[in-house]
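Visitor: A single structure is presented below for examination.
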Amino acid sequence: MTNIKETLELFNDKVNKLKNSTFIAFVKEHGLKLEVDIFEGSKKDFTKLPDEDSQDSFVLKLRYFIQNNESISLYNMSTLYANCPNQDLKSEYDKCRLLINQYLDQSFPISYQNQHMTKRQMLEGVIYTEKAHANKNGHAKFRFYYESTPFFKALIEYDFCSVCLFLYYVLLAIEDINKKYLAIIT
C-alpha cells in the first residue's frame, strides 16, 4: 500500500505545482486570446498568452504526467487504478484518461497543403522540439506546420496553451479521484 500511497501523493503534489505556476496565474487573470494578422502572421497587441518562461516552466511539470518513464504518468497511473479496490474510482480515472486521449487525437483546426496534424502531434512537437528538448529532426509534421508560415506558428502557440490548459483541468479531476483513493487506503 505504501507504494500506491506514495505515487498518489506524488501525483497530487505535482498537480499542486501546476496550480501554483505562473502559467495558470496568467490564465486566471487574463485568459487566453489570439489575434493574428493573417497576411503578415504577426500577433496583434490584443494577444494574451503566458510568456515563454511560464510556458517552459509549466511544460517541465506537465511532462511528469505524459512521459511514461515517470511513475505518475497517465499511462502508469492506469496500472495503479487497474488494481483499485473501488470500481467507481477506477471508472472515473479511466474516463479522464479516455477524455484526454480523445481530445489529443482530434485534428488540429486547419490543414496546410493536405498535411493534417492532431493536437497530440502538435503538443509533442512543441514539447520535444521547442520547450523541453531540441530534437529538430523528429516530429516532421509539426515542423512542417510550425515553419510554414508565421500565421501557423502563432496558431500553434495559442493551441499549445489551450491544450496545456485542458490537460491541467483533467489533472485536477484526477487529483480529486486520487484523494478518494487515498482515503480508502489510509
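Letters A, B, ... go to the chains of the C-alpha cells in the order shown; residues in each chain start at 1; ligands are counted from 1 in the same order.
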Would you list the contacts of range 77-88 of chain A as a tab-separated table (two decimals) with C-alpha atoms, in the first residue's frame, taking every protein, DNA or RNA residue within 8 Å and counting only C-alpha atoms, but skipping same-chain residues closer than 5 positions in sequence?

Guide:
```tsv
chain	number	residue	atom	x	y	z
A	4	ILE	CA	0.37	3.27	-4.09
A	71	SER	CA	5.66	6.64	-12.09
A	72	ILE	CA	2.89	9.25	-12.22
A	93	TYR	CA	-9.90	7.53	-13.76
A	94	ASP	CA	-10.46	5.59	-16.99
A	181	TYR	CA	-8.35	6.57	-3.35
```

Visitor: Using DSSP on the backbone, list every residue of range 37-106 of chain A that comes out as helix (DSSP H, G or I), and give them as a PyMOL selection string.

Guide: chain A and resi 52-66+74-82+87-104

Visitor: Please save N, CA and C atoms of the selected residues as a CSV table (one decimal), in the first residue's frame.

Guide:
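As written to disk, result.csv reads:
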```csv
chain,number,residue,atom,x,y,z
A,52,GLU,N,7.0,33.0,-22.5
A,52,GLU,CA,7.7,31.8,-22.8
A,52,GLU,C,8.3,31.1,-21.6
A,53,ASP,N,8.8,31.9,-20.6
A,53,ASP,CA,9.3,31.3,-19.4
A,53,ASP,C,8.2,30.6,-18.6
A,54,SER,N,7.0,31.1,-18.6
A,54,SER,CA,5.8,30.5,-17.9
A,54,SER,C,5.5,29.2,-18.6
A,55,GLN,N,5.5,29.2,-19.9
A,55,GLN,CA,5.1,28.0,-20.7
A,55,GLN,C,6.2,26.9,-20.5
A,56,ASP,N,7.5,27.3,-20.5
A,56,ASP,CA,8.6,26.4,-20.3
A,56,ASP,C,8.5,25.7,-18.9
A,57,SER,N,8.3,26.5,-17.9
A,57,SER,CA,8.2,26.0,-16.6
A,57,SER,C,7.0,25.1,-16.4
A,58,PHE,N,5.9,25.4,-17.0
A,58,PHE,CA,4.7,24.6,-17.0
A,58,PHE,C,4.9,23.2,-17.6
A,59,VAL,N,5.6,23.3,-18.8
A,59,VAL,CA,5.9,22.0,-19.5
A,59,VAL,C,6.8,21.1,-18.7
A,60,LEU,N,7.7,21.6,-18.0
A,60,LEU,CA,8.6,20.8,-17.2
A,60,LEU,C,7.9,20.0,-16.1
A,61,LYS,N,6.8,20.7,-15.6
A,61,LYS,CA,6.0,20.0,-14.6
A,61,LYS,C,5.0,19.0,-15.3
A,62,LEU,N,4.4,19.4,-16.4
A,62,LEU,CA,3.5,18.6,-17.2
A,62,LEU,C,4.1,17.3,-17.7
A,63,ARG,N,5.3,17.3,-18.0
A,63,ARG,CA,6.0,16.1,-18.5
A,63,ARG,C,5.9,15.0,-17.6
A,64,TYR,N,5.8,15.2,-16.3
A,64,TYR,CA,5.6,14.1,-15.3
A,64,TYR,C,4.4,13.2,-15.7
A,65,PHE,N,3.4,13.8,-16.2
A,65,PHE,CA,2.1,13.2,-16.5
A,65,PHE,C,2.1,12.5,-17.9
A,66,ILE,N,3.0,12.9,-18.8
A,66,ILE,CA,2.8,12.4,-20.1
A,66,ILE,C,4.0,11.6,-20.6
A,74,LEU,N,0.2,9.4,-16.9
A,74,LEU,CA,-1.2,8.9,-17.0
A,74,LEU,C,-1.2,7.4,-17.4
A,75,TYR,N,-0.3,7.0,-18.2
A,75,TYR,CA,-0.3,5.6,-18.6
A,75,TYR,C,0.0,4.7,-17.4
A,76,ASN,N,1.1,5.1,-16.6
A,76,ASN,CA,1.5,4.2,-15.5
A,76,ASN,C,0.4,4.3,-14.4
A,77,MET,N,-0.2,5.4,-14.2
A,77,MET,CA,-1.3,5.5,-13.2
A,77,MET,C,-2.5,4.6,-13.6
A,78,SER,N,-2.7,4.3,-14.9
A,78,SER,CA,-3.8,3.4,-15.3
A,78,SER,C,-3.5,2.0,-14.7
A,79,THR,N,-2.3,1.6,-14.6
A,79,THR,CA,-1.9,0.3,-14.0
A,79,THR,C,-2.3,0.3,-12.5
A,80,LEU,N,-2.0,1.4,-11.8
A,80,LEU,CA,-2.3,1.6,-10.4
A,80,LEU,C,-3.8,1.5,-10.2
A,81,TYR,N,-4.5,2.2,-11.1
A,81,TYR,CA,-6.0,2.2,-11.0
A,81,TYR,C,-6.6,0.8,-11.4
A,82,ALA,N,-5.9,0.1,-12.2
A,82,ALA,CA,-6.5,-1.3,-12.6
A,82,ALA,C,-6.6,-2.1,-11.4
A,87,GLN,N,-14.3,0.1,-7.8
A,87,GLN,CA,-14.5,0.1,-9.2
A,87,GLN,C,-15.0,1.5,-9.7
A,88,ASP,N,-15.7,2.2,-8.9
A,88,ASP,CA,-16.2,3.6,-9.3
A,88,ASP,C,-15.0,4.5,-9.5
A,89,LEU,N,-14.0,4.4,-8.6
A,89,LEU,CA,-12.8,5.3,-8.8
A,89,LEU,C,-12.0,4.9,-10.0
A,90,LYS,N,-11.9,3.6,-10.2
A,90,LYS,CA,-11.2,3.1,-11.4
A,90,LYS,C,-11.9,3.6,-12.7
A,91,SER,N,-13.3,3.5,-12.7
A,91,SER,CA,-14.0,4.0,-13.8
A,91,SER,C,-13.9,5.5,-14.0
A,92,GLU,N,-13.8,6.3,-12.9
A,92,GLU,CA,-13.6,7.7,-13.1
A,92,GLU,C,-12.3,8.0,-13.7
A,93,TYR,N,-11.2,7.3,-13.2
A,93,TYR,CA,-9.9,7.5,-13.8
A,93,TYR,C,-9.9,7.2,-15.2
A,94,ASP,N,-10.4,6.0,-15.6
A,94,ASP,CA,-10.5,5.6,-17.0
A,94,ASP,C,-11.2,6.6,-17.9
A,95,LYS,N,-12.2,7.2,-17.4
A,95,LYS,CA,-13.0,8.2,-18.1
A,95,LYS,C,-12.1,9.5,-18.4
A,96,CYS,N,-11.4,9.9,-17.4
A,96,CYS,CA,-10.5,11.0,-17.5
A,96,CYS,C,-9.4,10.7,-18.6
A,97,ARG,N,-8.8,9.6,-18.5
A,97,ARG,CA,-7.7,9.2,-19.4
A,97,ARG,C,-8.3,9.1,-20.8
A,98,LEU,N,-9.5,8.5,-21.0
A,98,LEU,CA,-10.1,8.4,-22.3
A,98,LEU,C,-10.4,9.8,-22.8
A,99,LEU,N,-10.9,10.7,-22.0
A,99,LEU,CA,-11.2,12.1,-22.4
A,99,LEU,C,-9.9,12.8,-22.9
A,100,ILE,N,-8.8,12.6,-22.2
A,100,ILE,CA,-7.6,13.2,-22.7
A,100,ILE,C,-7.2,12.6,-24.1
A,101,ASN,N,-7.2,11.3,-24.2
A,101,ASN,CA,-6.8,10.7,-25.5
A,101,ASN,C,-7.7,11.1,-26.6
A,102,GLN,N,-9.0,11.1,-26.4
A,102,GLN,CA,-9.9,11.6,-27.4
A,102,GLN,C,-9.7,13.0,-27.8
A,103,TYR,N,-9.4,13.9,-26.9
A,103,TYR,CA,-9.1,15.3,-27.1
A,103,TYR,C,-7.8,15.4,-27.9
A,104,LEU,N,-6.7,14.7,-27.5
A,104,LEU,CA,-5.5,14.8,-28.2
A,104,LEU,C,-5.5,14.2,-29.6
```

Visitor: Show me, as a ChimeraX atom specification, the residues that have an atom within 10 Å of Gln115 in chain A when counting only C-alpha atoms, minus same-chain residues fewer than 5 positions from it.

Guide: /A:110,141-142,144-145

Visitor: In Å to one decimal, how far is CA of Glu124 in chain A from CA of Asp176 in chain A?

Guide: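 Result for CA of Asp176 in chain A versus CA of Glu124 in chain A: 26.3 Å, one decimal.
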
Visitor: At a cut-off of 12 Å, using only C-alpha atoms, what residues contact Asp13 in chain A? Leave out same-chain residues fewer than 5 positions from it and give the result as a ChimeraX atom specification.

Guide: /A:6-8,18-20,61,64-65,72,171-172,175,178-179

Visitor: Write out as an mmCIF file with C-alpha atoms, in the first residue's frame each polymer residue whose atoms come within 8 Å of Ile185 in chain A, counting only C-alpha atoms; drop sequence neighbours fewer than 2 positions from it.

Guide:
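And here is the file that came out, out_19.cif:
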```
data_model
loop_
_atom_site.group_PDB
_atom_site.id
_atom_site.type_symbol
_atom_site.label_atom_id
_atom_site.label_comp_id
_atom_site.auth_asym_id
_atom_site.auth_seq_id
_atom_site.Cartn_x
_atom_site.Cartn_y
_atom_site.Cartn_z
ATOM 1 C CA MET A 1 0.000 0.000 0.000
ATOM 2 C CA LYS A 5 0.083 5.923 -1.390
ATOM 3 C CA TYR A 181 -8.355 6.570 -3.351
ATOM 4 C CA LEU A 182 -6.047 7.795 -0.585
ATOM 5 C CA ALA A 183 -8.989 7.949 1.810
#
```

Visitor: Work out how far apart CA of Glu29 in chain A and CA of Cys161 in chain A are and give it in Å to one decimal.

Guide: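 Computing the Euclidean distance for CA of Glu29 in chain A and CA of Cys161 in chain A yields 14.6 Å.
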
Visitor: Let me make sure I understand: among A:Glu70, A:Pro50, A:Lys119, A:Pro150, which one has the smallest atom-to-atom distance to Gln106 in chain A if we use only C-alpha atoms?

Guide: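 Residue with the minimum atom-to-atom distance to Gln106 in chain A: A:Lys119.
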
Visitor: Expressed in Å to a single decimal, how great is the separation between CA of Leu49 in chain A and CA of Leu32 in chain A?

Guide: 5.5 Å
